[in-house]
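Q: Contents are CSV, C-alpha atoms; file name coords.csv:
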```
chain,number,residue,atom,x,y,z
A,1437,TRP,CA,-6.4,-8.2,-8.5
A,1438,SER,CA,-4.1,-10.7,-6.7
A,1439,GLU,CA,-1.0,-9.7,-8.5
A,1440,ASN,CA,-1.7,-5.9,-7.9
A,1441,ARG,CA,-2.4,-6.7,-4.2
A,1442,MET,CA,0.9,-8.6,-3.9
A,1443,ALA,CA,2.8,-5.8,-5.7
A,1444,ILE,CA,1.7,-3.2,-3.1
A,1445,HIS,CA,2.7,-5.5,-0.2
A,1446,VAL,CA,6.1,-6.2,-1.8
A,1447,SER,CA,6.7,-2.5,-2.4
A,1448,LEU,CA,5.9,-1.6,1.2
A,1449,ALA,CA,8.0,-4.5,2.5
A,1450,LEU,CA,11.0,-3.3,0.4
A,1451,ALA,CA,10.5,0.3,1.7
A,1452,LEU,CA,10.5,-1.1,5.3
A,1453,ILE,CA,13.7,-3.0,4.7
A,1454,GLY,CA,15.3,-0.1,2.9
A,1455,SER,CA,14.4,2.3,5.7
A,1456,LEU,CA,15.7,0.0,8.4
A,1457,GLY,CA,18.9,-0.6,6.4
A,1458,LEU,CA,19.6,3.1,5.9
A,1459,ALA,CA,18.9,3.8,9.5
A,1460,LEU,CA,21.4,1.1,10.5
A,1461,LEU,CA,24.0,2.5,8.1
A,1462,LEU,CA,23.6,6.0,9.5
A,1463,LEU,CA,23.9,4.7,13.1
A,1464,VAL,CA,27.1,2.8,12.4
A,1465,TRP,CA,28.9,5.1,9.8
A,1466,GLY,CA,27.0,8.4,9.8
A,1467,GLU,CA,28.5,11.6,11.1
A,1468,ARG,CA,27.4,12.4,14.6
A,1469,GLY,CA,26.4,16.0,13.8
A,1470,SER,CA,24.2,17.8,11.3
A,1471,GLY,CA,21.0,15.9,12.4
A,1472,THR,CA,22.1,12.4,11.6
A,1473,ARG,CA,20.3,11.0,14.7
A,1474,LEU,CA,17.2,12.9,13.8
A,1475,LEU,CA,17.3,11.4,10.3
A,1476,VAL,CA,17.6,7.9,11.9
A,1477,GLY,CA,14.6,8.8,14.1
A,1478,PHE,CA,12.6,9.8,11.0
A,1479,LEU,CA,13.5,6.6,9.2
A,1480,LEU,CA,12.4,4.5,12.2
A,1481,GLY,CA,9.2,6.5,12.3
A,1482,VAL,CA,8.6,5.7,8.6
A,1483,CYS,CA,9.1,2.0,9.5
A,1484,VAL,CA,6.5,2.2,12.3
A,1485,TRP,CA,4.1,3.8,9.8
A,1486,ILE,CA,4.6,1.1,7.2
A,1487,ILE,CA,4.1,-1.6,9.8
A,1488,GLY,CA,0.9,0.2,11.0
A,1489,ASN,CA,-0.4,0.1,7.4
A,1490,GLU,CA,0.5,-3.5,6.8
A,1491,LEU,CA,-0.1,-5.1,10.2
A,1492,PRO,CA,-3.7,-6.2,9.6
A,1493,ASN,CA,-2.6,-7.8,6.3
A,1494,TRP,CA,0.3,-9.6,7.9
A,1495,ALA,CA,-1.3,-10.7,11.2
A,1496,GLY,CA,-5.1,-10.5,10.6
A,1497,PRO,CA,-7.9,-8.0,11.4
A,1498,ASP,CA,-7.6,-8.5,15.1
A,1499,THR,CA,-4.5,-6.2,15.0
A,1500,LYS,CA,-6.4,-3.2,13.7
A,1501,ARG,CA,-6.3,-1.3,17.0
A,1502,LEU,CA,-2.6,-1.8,17.3
A,1503,ALA,CA,-2.1,-0.8,13.7
A,1504,PHE,CA,-3.9,2.5,14.3
A,1505,ALA,CA,-1.8,3.1,17.4
A,1506,LEU,CA,1.3,2.8,15.2
A,1507,LEU,CA,-0.2,5.0,12.5
A,1508,ALA,CA,-0.9,7.7,15.1
A,1509,THR,CA,2.8,8.4,15.4
A,1510,ALA,CA,2.9,9.9,11.9
A,1511,PRO,CA,2.6,13.6,13.1
A,1512,LEU,CA,5.5,13.2,15.4
A,1513,THR,CA,7.6,11.5,12.7
A,1514,ALA,CA,6.9,14.5,10.5
A,1515,ALA,CA,8.0,16.8,13.3
A,1516,VAL,CA,11.3,14.9,13.6
A,1517,PHE,CA,11.8,15.3,9.8
A,1518,LEU,CA,11.3,19.1,10.1
A,1519,HIS,CA,13.7,19.1,13.0
A,1520,PHE,CA,16.2,17.2,10.9
A,1521,ALA,CA,15.7,19.7,8.0
A,1522,VAL,CA,16.4,22.7,10.3
A,1523,SER,CA,19.4,21.1,11.9
A,1524,PHE,CA,20.9,19.6,8.7
A,1525,SER,CA,20.5,22.8,6.6
A,1526,GLY,CA,21.6,25.1,9.4
A,1527,PHE,CA,18.3,27.1,9.1
A,1528,LYS,CA,18.6,28.8,12.5
A,1529,GLN,CA,15.4,30.8,12.1
A,1530,GLY,CA,13.4,27.6,12.0
A,1531,ALA,CA,14.5,26.6,15.5
A,1532,ALA,CA,11.8,28.7,17.1
A,1533,LEU,CA,9.1,26.7,15.3
A,1534,LEU,CA,10.3,23.4,16.7
A,1535,PRO,CA,8.7,23.5,20.2
A,1536,TRP,CA,5.3,24.5,18.6
A,1537,THR,CA,5.6,21.8,16.0
A,1538,TYR,CA,6.4,19.1,18.5
A,1539,GLY,CA,3.6,20.3,20.7
A,1540,VAL,CA,0.9,20.4,18.1
A,1541,SER,CA,2.1,17.1,16.5
A,1542,GLY,CA,2.2,15.4,20.0
A,1543,VAL,CA,-1.4,16.5,20.8
A,1544,THR,CA,-2.5,15.3,17.4
A,1545,SER,CA,-0.8,11.9,17.9
A,1546,ALA,CA,-2.3,11.6,21.4
A,1547,LEU,CA,-5.8,12.3,20.0
A,1548,ALA,CA,-5.3,9.7,17.3
A,1549,LEU,CA,-4.3,7.2,20.0
A,1550,MET,CA,-7.4,8.0,22.2
A,1551,PHE,CA,-9.9,8.2,19.4
A,1552,GLN,CA,-9.7,5.8,16.4
A,1553,PRO,CA,-8.8,7.9,13.4
A,1554,GLY,CA,-10.5,5.8,10.8
A,1555,THR,CA,-11.3,2.3,9.7
A,1556,PHE,CA,-9.6,-0.6,7.8
A,1557,GLU,CA,-11.5,-1.6,4.7
A,1558,HIS,CA,-11.0,-3.5,1.5
A,1559,PHE,CA,-9.9,-1.3,-1.4
A,1560,ALA,CA,-8.8,-1.8,-5.0
A,1561,GLY,CA,-8.4,-5.6,-4.5
A,1562,MET,CA,-6.3,-5.1,-1.3
A,1563,ALA,CA,-7.4,-6.8,1.8
A,1564,TRP,CA,-7.1,-4.1,4.5
A,1565,VAL,CA,-6.4,-0.5,3.8
A,1566,ALA,CA,-6.6,2.4,6.4
A,1567,PHE,CA,-9.3,4.9,5.6
A,1568,PRO,CA,-9.2,8.1,7.7
A,1569,ASN,CA,-12.2,9.7,9.3
A,1570,ALA,CA,-12.3,13.4,10.1
A,1571,LEU,CA,-9.6,13.1,12.8
A,1572,GLY,CA,-7.5,10.9,10.6
A,1573,ILE,CA,-7.7,13.5,7.7
A,1574,ALA,CA,-6.8,16.3,10.1
A,1575,ALA,CA,-3.7,14.3,11.3
A,1576,ARG,CA,-2.7,13.6,7.7
A,1577,VAL,CA,-3.1,17.2,6.7
A,1578,LEU,CA,-1.0,18.3,9.7
A,1579,TRP,CA,1.9,15.8,9.1
A,1580,GLY,CA,1.7,16.6,5.4
A,1581,LEU,CA,2.2,20.3,6.1
A,1582,VAL,CA,4.9,19.8,8.6
A,1583,ALA,CA,6.8,17.4,6.2
A,1584,LEU,CA,6.3,19.9,3.4
A,1585,SER,CA,7.8,22.6,5.5
A,1586,GLY,CA,10.9,20.5,6.1
A,1587,LEU,CA,11.2,19.8,2.4
A,1588,LEU,CA,10.9,23.5,1.5
A,1589,ILE,CA,13.6,24.4,4.1
A,1590,LEU,CA,16.0,21.8,2.6
A,1591,LEU,CA,15.3,23.2,-0.9
A,1592,TRP,CA,15.6,26.8,0.1
A,1593,GLN,CA,18.8,26.3,2.1
A,1594,GLY,CA,20.2,24.1,-0.7
A,1595,LEU,CA,19.7,26.8,-3.2
A,1596,ARG,CA,21.3,29.4,-1.0
A,1597,ARG,CA,24.3,27.5,0.2
A,1598,GLU,CA,27.5,26.5,-1.6
A,1599,GLY,CA,29.6,23.4,-1.9
A,1600,LEU,CA,28.9,20.0,-0.2
A,1601,ILE,CA,26.0,21.3,2.0
A,1602,ARG,CA,24.3,22.6,-1.1
A,1603,ARG,CA,24.5,19.2,-2.9
A,1604,GLN,CA,23.5,17.3,0.2
A,1605,ALA,CA,20.5,19.4,1.0
A,1606,LEU,CA,19.3,19.3,-2.6
A,1607,MET,CA,19.7,15.5,-2.7
A,1608,VAL,CA,17.8,15.0,0.5
A,1609,ALA,CA,15.1,17.4,-0.7
A,1610,PHE,CA,14.8,15.4,-3.9
A,1611,ALA,CA,14.5,12.2,-2.0
A,1612,ALA,CA,11.9,13.7,0.3
A,1613,ALA,CA,9.9,15.0,-2.7
A,1614,TRP,CA,10.1,11.5,-4.4
A,1615,GLY,CA,8.8,10.0,-1.2
A,1616,ALA,CA,5.9,12.5,-1.1
A,1617,ALA,CA,5.0,11.7,-4.7
A,1618,CYS,CA,4.9,8.0,-3.8
A,1619,MET,CA,2.7,8.8,-0.8
A,1620,SER,CA,0.1,10.3,-3.1
A,1621,GLY,CA,-1.2,6.8,-3.5
A,1622,TYR,CA,-2.6,7.2,0.1
A,1623,ALA,CA,-4.3,10.4,-0.9
A,1624,MET,CA,-6.1,8.5,-3.6
A,1625,ILE,CA,-7.2,6.0,-0.9
A,1626,ALA,CA,-8.3,8.8,1.5
A,1627,LEU,CA,-10.4,10.4,-1.2
A,1628,ARG,CA,-11.9,7.0,-2.0
A,1629,LEU,CA,-11.0,7.4,-5.7
A,1630,ASP,CA,-12.0,4.3,-7.7
A,1631,LEU,CA,-8.4,3.9,-8.8
A,1632,TYR,CA,-5.6,1.5,-7.9
A,1633,PRO,CA,-3.1,3.5,-5.8
A,1634,TRP,CA,-0.2,2.9,-8.3
A,1635,PRO,CA,2.1,5.7,-6.9
A,1636,LEU,CA,2.8,3.4,-3.9
A,1637,LEU,CA,4.6,1.1,-6.2
```
Is it possible to express this structure as structure tokens?

A:
Amino acid sequence: WSENRMAIHVSLALALIGSLGLALLLLVWGERGSGTRLLVGFLLGVCVWIIGNELPNWAGPDTKRLAFALLATAPLTAAVFLHFAVSFSGFKQGAALLPWTYGVSGVTSALALMFQPGTFEHFAGMAWVAFPNALGIAARVLWGLVALSGLLILLWQGLRREGLIRRQALMVAFAAAWGAACMSGYAMIALRLDLYPWPLL
């Protein structure tokens, strides 16, 4: 179990470093338009989420409350991703959805801050893993649906457009889909399946 446990932590640490590095590259060399700043915000939100998951493993169980506070930002991070997808792909019809998305996501994040959305428990040989309660599951479903909406917008616009924007939108959609597939490891955890969450690797 020790090797599997270490592999998960190494994978998440590499994801954290990669996300921070990409955010820095975009800030320094990225174009100022087409949602670049929103993509940076999304990447930083991913970093916050990774830290929230790993904090009790890094700094001990006394940090669980802070860890849940960091995890509570996930719905807003998903809203930023949807905003990026709308801006980057030029999907003007989606702009009307953004205030509602931010509003619902903000309320969900606030509730997750006020009421603990789960517990940290041992799972599959790993020391501390976040298990959602009903509120946590609702928050995960919400940010999953919001993120999926952004992915579908990128895919739809990528298939409709031509040239560079088509290739860029499809590449970003593929990257987002790959990330979602990796995240299915957390679905295995949330469902308490007696399986090692290998997609996280």

Q: Could you tell me which of A:Ala1623, A:Leu1590, A:Ala1563, A:Leu1600 comes closest to Gly1496 of chain A if we count only C-alpha atoms?

A: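 Of A:Ala1623, A:Leu1590, A:Ala1563, A:Leu1600, the one nearest Gly1496 of chain A is A:Ala1563, counting only C-alpha atoms.
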
Q: Which residue gives the smallest distance to Ala1626 of chain A among A:Ala1521, A:Leu1452, A:Leu1480, A:Val1565, with all atoms listed in the file counted?

A: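 Nearest to Ala1626 of chain A: A:Val1565.
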
Q: Name all residues at most 6 Å from segment 1462-1479 of chain A (count only C-alpha atoms; drop same-chain ones fewer than 2 positions away) and give them as a PyMOL selection string.

A: chain A and resi 1455+1459-1460+1481-1482+1513+1516-1517+1520+1523-1524

Q: Considering only C-alpha atoms, can you say which of A:Val1522, A:Arg1501, A:Val1446, A:Gly1554 comes closest to Ile1486 of chain A?

A: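 Closest to Ile1486 of chain A, using only C-alpha atoms: A:Val1446.
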
Q: For Leu1518 of chain A, which residue out of A:Trp1579, A:Phe1504, A:Trp1485, A:Trp1592 is the nearest one, using all atoms listed in the file?

A: A:Trp1579

Q: Residues near Pro1535 of chain A, anyone? I mean within 12 Å using all atoms listed in the file, not counting same-chain ones fewer than 2 positions away, as a VMD selection string.

A: chain A and resid 1512 1515 to 1516 1518 to 1519 1530 to 1533 1537 to 1542

Q: In Å to one decimal, how far is atom CA of Ile1487 of chain A from atom CA of Gly1457 of chain A?

A: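 Taking atom CA of Gly1457 of chain A as the start and atom CA of Ile1487 of chain A as the end point, the length is 15.2 Å.
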
Q: Counting only C-alpha atoms, which of A:Ala1514, A:Thr1499, A:Ala1612, A:Ile1444 gets nearest to Leu1534 of chain A?

A: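 Ranking A:Ala1514, A:Thr1499, A:Ala1612, A:Ile1444 by distance to Leu1534 of chain A, first place goes to A:Ala1514.
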
Q: As an exercise, work out the distance from atom CA of Gly1488 of chain A to atom CA of Leu1506 of chain A in Å and give it to one decimal place.

A: 5.0 Å

Q: If I take atom CA of Ala1510 of chain A and atom CA of Val1484 of chain A, how far is one from the other in Å, to one decimal?

A: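 Distance reported for this atom pair: 8.5 Å.
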
Q: Rank A:Asp1630, A:Leu1448, A:Val1608, A:Arg1603 by their smallest atom-to-atom distance to Glu1490 of chain A, using all atoms listed in the file, and report the top residue only.

A: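 Closest to Glu1490 of chain A of all the choices is A:Leu1448.
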
Q: List the spatial neighbours of Ala1443 of chain A as an MDAnalysis selection string - criterion: any atom at most 10 Å away, all atoms listed in the file, same-chain residues fewer than 6 positions off excluded.

A: chainID A and resid 1437 1449 1634 1636:1637

Q: For Ala1566 of chain A, work out the shell of residues within 10 Å, counting all atoms listed in the file and skipping chain neighbours fewer than 6 positions away, then give it as a PyMOL selection string.

A: chain A and resi 1488-1490+1492+1500+1503-1504+1507+1553-1559+1572+1622+1625-1626

Q: Pull C-alpha atoms from the residues just selected and write them as a compact mmCIF listing (two decimals), in the frame of the given file.

A:
```txt
# COMPACT_ATOMS: atom_id res chain seq x y z
CA GLY A 1488 0.90 0.20 11.00
CA ASN A 1489 -0.40 0.10 7.40
CA GLU A 1490 0.50 -3.50 6.80
CA PRO A 1492 -3.70 -6.20 9.60
CA LYS A 1500 -6.40 -3.20 13.70
CA ALA A 1503 -2.10 -0.80 13.70
CA PHE A 1504 -3.90 2.50 14.30
CA LEU A 1507 -0.20 5.00 12.50
CA PRO A 1553 -8.80 7.90 13.40
CA GLY A 1554 -10.50 5.80 10.80
CA THR A 1555 -11.30 2.30 9.70
CA PHE A 1556 -9.60 -0.60 7.80
CA GLU A 1557 -11.50 -1.60 4.70
CA HIS A 1558 -11.00 -3.50 1.50
CA PHE A 1559 -9.90 -1.30 -1.40
CA GLY A 1572 -7.50 10.90 10.60
CA TYR A 1622 -2.60 7.20 0.10
CA ILE A 1625 -7.20 6.00 -0.90
CA ALA A 1626 -8.30 8.80 1.50
```

Q: Where atoms are missing, can you supply N, CA and C atoms for segment 1583-1606 of chain A and output the lot as a PDB file, in the coordinates of the input?

A:
```pdb
ATOM      1  N   ALA A1583       5.796  18.055   7.074  1.00  0.00           N
ATOM      2  CA  ALA A1583       6.800  17.400   6.200  1.00  0.00           C
ATOM      3  C   ALA A1583       7.129  18.350   5.028  1.00  0.00           C
ATOM      4  N   LEU A1584       6.108  18.989   4.461  1.00  0.00           N
ATOM      5  CA  LEU A1584       6.300  19.900   3.400  1.00  0.00           C
ATOM      6  C   LEU A1584       7.201  21.091   3.794  1.00  0.00           C
ATOM      7  N   SER A1585       6.989  21.561   5.016  1.00  0.00           N
ATOM      8  CA  SER A1585       7.800  22.600   5.500  1.00  0.00           C
ATOM      9  C   SER A1585       9.289  22.225   5.592  1.00  0.00           C
ATOM     10  N   GLY A1586       9.537  21.002   6.054  1.00  0.00           N
ATOM     11  CA  GLY A1586      10.900  20.500   6.100  1.00  0.00           C
ATOM     12  C   GLY A1586      11.508  20.396   4.702  1.00  0.00           C
ATOM     13  N   LEU A1587      10.718  19.934   3.751  1.00  0.00           N
ATOM     14  CA  LEU A1587      11.200  19.800   2.400  1.00  0.00           C
ATOM     15  C   LEU A1587      11.542  21.197   1.802  1.00  0.00           C
ATOM     16  N   LEU A1588      10.690  22.189   2.047  1.00  0.00           N
ATOM     17  CA  LEU A1588      10.900  23.500   1.500  1.00  0.00           C
ATOM     18  C   LEU A1588      12.178  24.163   2.181  1.00  0.00           C
ATOM     19  N   ILE A1589      12.387  23.879   3.451  1.00  0.00           N
ATOM     20  CA  ILE A1589      13.600  24.400   4.100  1.00  0.00           C
ATOM     21  C   ILE A1589      14.841  23.794   3.498  1.00  0.00           C
ATOM     22  N   LEU A1590      14.831  22.491   3.249  1.00  0.00           N
ATOM     23  CA  LEU A1590      16.000  21.800   2.600  1.00  0.00           C
ATOM     24  C   LEU A1590      16.232  22.430   1.225  1.00  0.00           C
ATOM     25  N   LEU A1591      15.161  22.622   0.478  1.00  0.00           N
ATOM     26  CA  LEU A1591      15.300  23.200  -0.900  1.00  0.00           C
ATOM     27  C   LEU A1591      15.821  24.596  -0.838  1.00  0.00           C
ATOM     28  N   TRP A1592      15.245  25.415   0.027  1.00  0.00           N
ATOM     29  CA  TRP A1592      15.600  26.800   0.100  1.00  0.00           C
ATOM     30  C   TRP A1592      17.101  26.954   0.555  1.00  0.00           C
ATOM     31  N   GLN A1593      17.471  26.207   1.596  1.00  0.00           N
ATOM     32  CA  GLN A1593      18.800  26.300   2.100  1.00  0.00           C
ATOM     33  C   GLN A1593      19.821  25.689   1.046  1.00  0.00           C
ATOM     34  N   GLY A1594      19.379  24.645   0.349  1.00  0.00           N
ATOM     35  CA  GLY A1594      20.200  24.100  -0.700  1.00  0.00           C
ATOM     36  C   GLY A1594      20.530  25.027  -1.798  1.00  0.00           C
ATOM     37  N   LEU A1595      19.535  25.821  -2.163  1.00  0.00           N
ATOM     38  CA  LEU A1595      19.700  26.800  -3.200  1.00  0.00           C
ATOM     39  C   LEU A1595      20.560  27.989  -2.793  1.00  0.00           C
ATOM     40  N   ARG A1596      20.551  28.284  -1.510  1.00  0.00           N
ATOM     41  CA  ARG A1596      21.300  29.400  -1.000  1.00  0.00           C
ATOM     42  C   ARG A1596      22.733  29.111  -0.641  1.00  0.00           C
ATOM     43  N   ARG A1597      22.996  27.860  -0.254  1.00  0.00           N
ATOM     44  CA  ARG A1597      24.300  27.500   0.200  1.00  0.00           C
ATOM     45  C   ARG A1597      25.241  27.139  -0.937  1.00  0.00           C
ATOM     46  N   GLU A1598      26.497  26.847  -0.612  1.00  0.00           N
ATOM     47  CA  GLU A1598      27.500  26.500  -1.600  1.00  0.00           C
ATOM     48  C   GLU A1598      28.163  25.168  -1.227  1.00  0.00           C
ATOM     49  N   GLY A1599      28.772  24.531  -2.193  1.00  0.00           N
ATOM     50  CA  GLY A1599      29.600  23.400  -1.900  1.00  0.00           C
ATOM     51  C   GLY A1599      28.838  22.131  -1.518  1.00  0.00           C
ATOM     52  N   LEU A1600      29.448  21.349  -0.610  1.00  0.00           N
ATOM     53  CA  LEU A1600      28.900  20.000  -0.200  1.00  0.00           C
ATOM     54  C   LEU A1600      27.530  20.161   0.399  1.00  0.00           C
ATOM     55  N   ILE A1601      27.329  21.140   1.296  1.00  0.00           N
ATOM     56  CA  ILE A1601      26.000  21.300   2.000  1.00  0.00           C
ATOM     57  C   ILE A1601      24.932  21.544   0.974  1.00  0.00           C
ATOM     58  N   ARG A1602      25.254  22.294  -0.069  1.00  0.00           N
ATOM     59  CA  ARG A1602      24.300  22.600  -1.100  1.00  0.00           C
ATOM     60  C   ARG A1602      23.831  21.266  -1.792  1.00  0.00           C
ATOM     61  N   ARG A1603      24.817  20.478  -2.205  1.00  0.00           N
ATOM     62  CA  ARG A1603      24.500  19.200  -2.900  1.00  0.00           C
ATOM     63  C   ARG A1603      23.754  18.258  -1.985  1.00  0.00           C
ATOM     64  N   GLN A1604      24.186  18.172  -0.735  1.00  0.00           N
ATOM     65  CA  GLN A1604      23.500  17.300   0.200  1.00  0.00           C
ATOM     66  C   GLN A1604      22.084  17.680   0.461  1.00  0.00           C
ATOM     67  N   ALA A1605      21.884  18.966   0.701  1.00  0.00           N
ATOM     68  CA  ALA A1605      20.500  19.400   1.000  1.00  0.00           C
ATOM     69  C   ALA A1605      19.600  19.227  -0.184  1.00  0.00           C
ATOM     70  N   LEU A1606      20.101  19.479  -1.386  1.00  0.00           N
ATOM     71  CA  LEU A1606      19.300  19.300  -2.600  1.00  0.00           C
ATOM     72  C   LEU A1606      18.972  17.814  -2.817  1.00  0.00           C
TER      73      LEU A1606
END
```
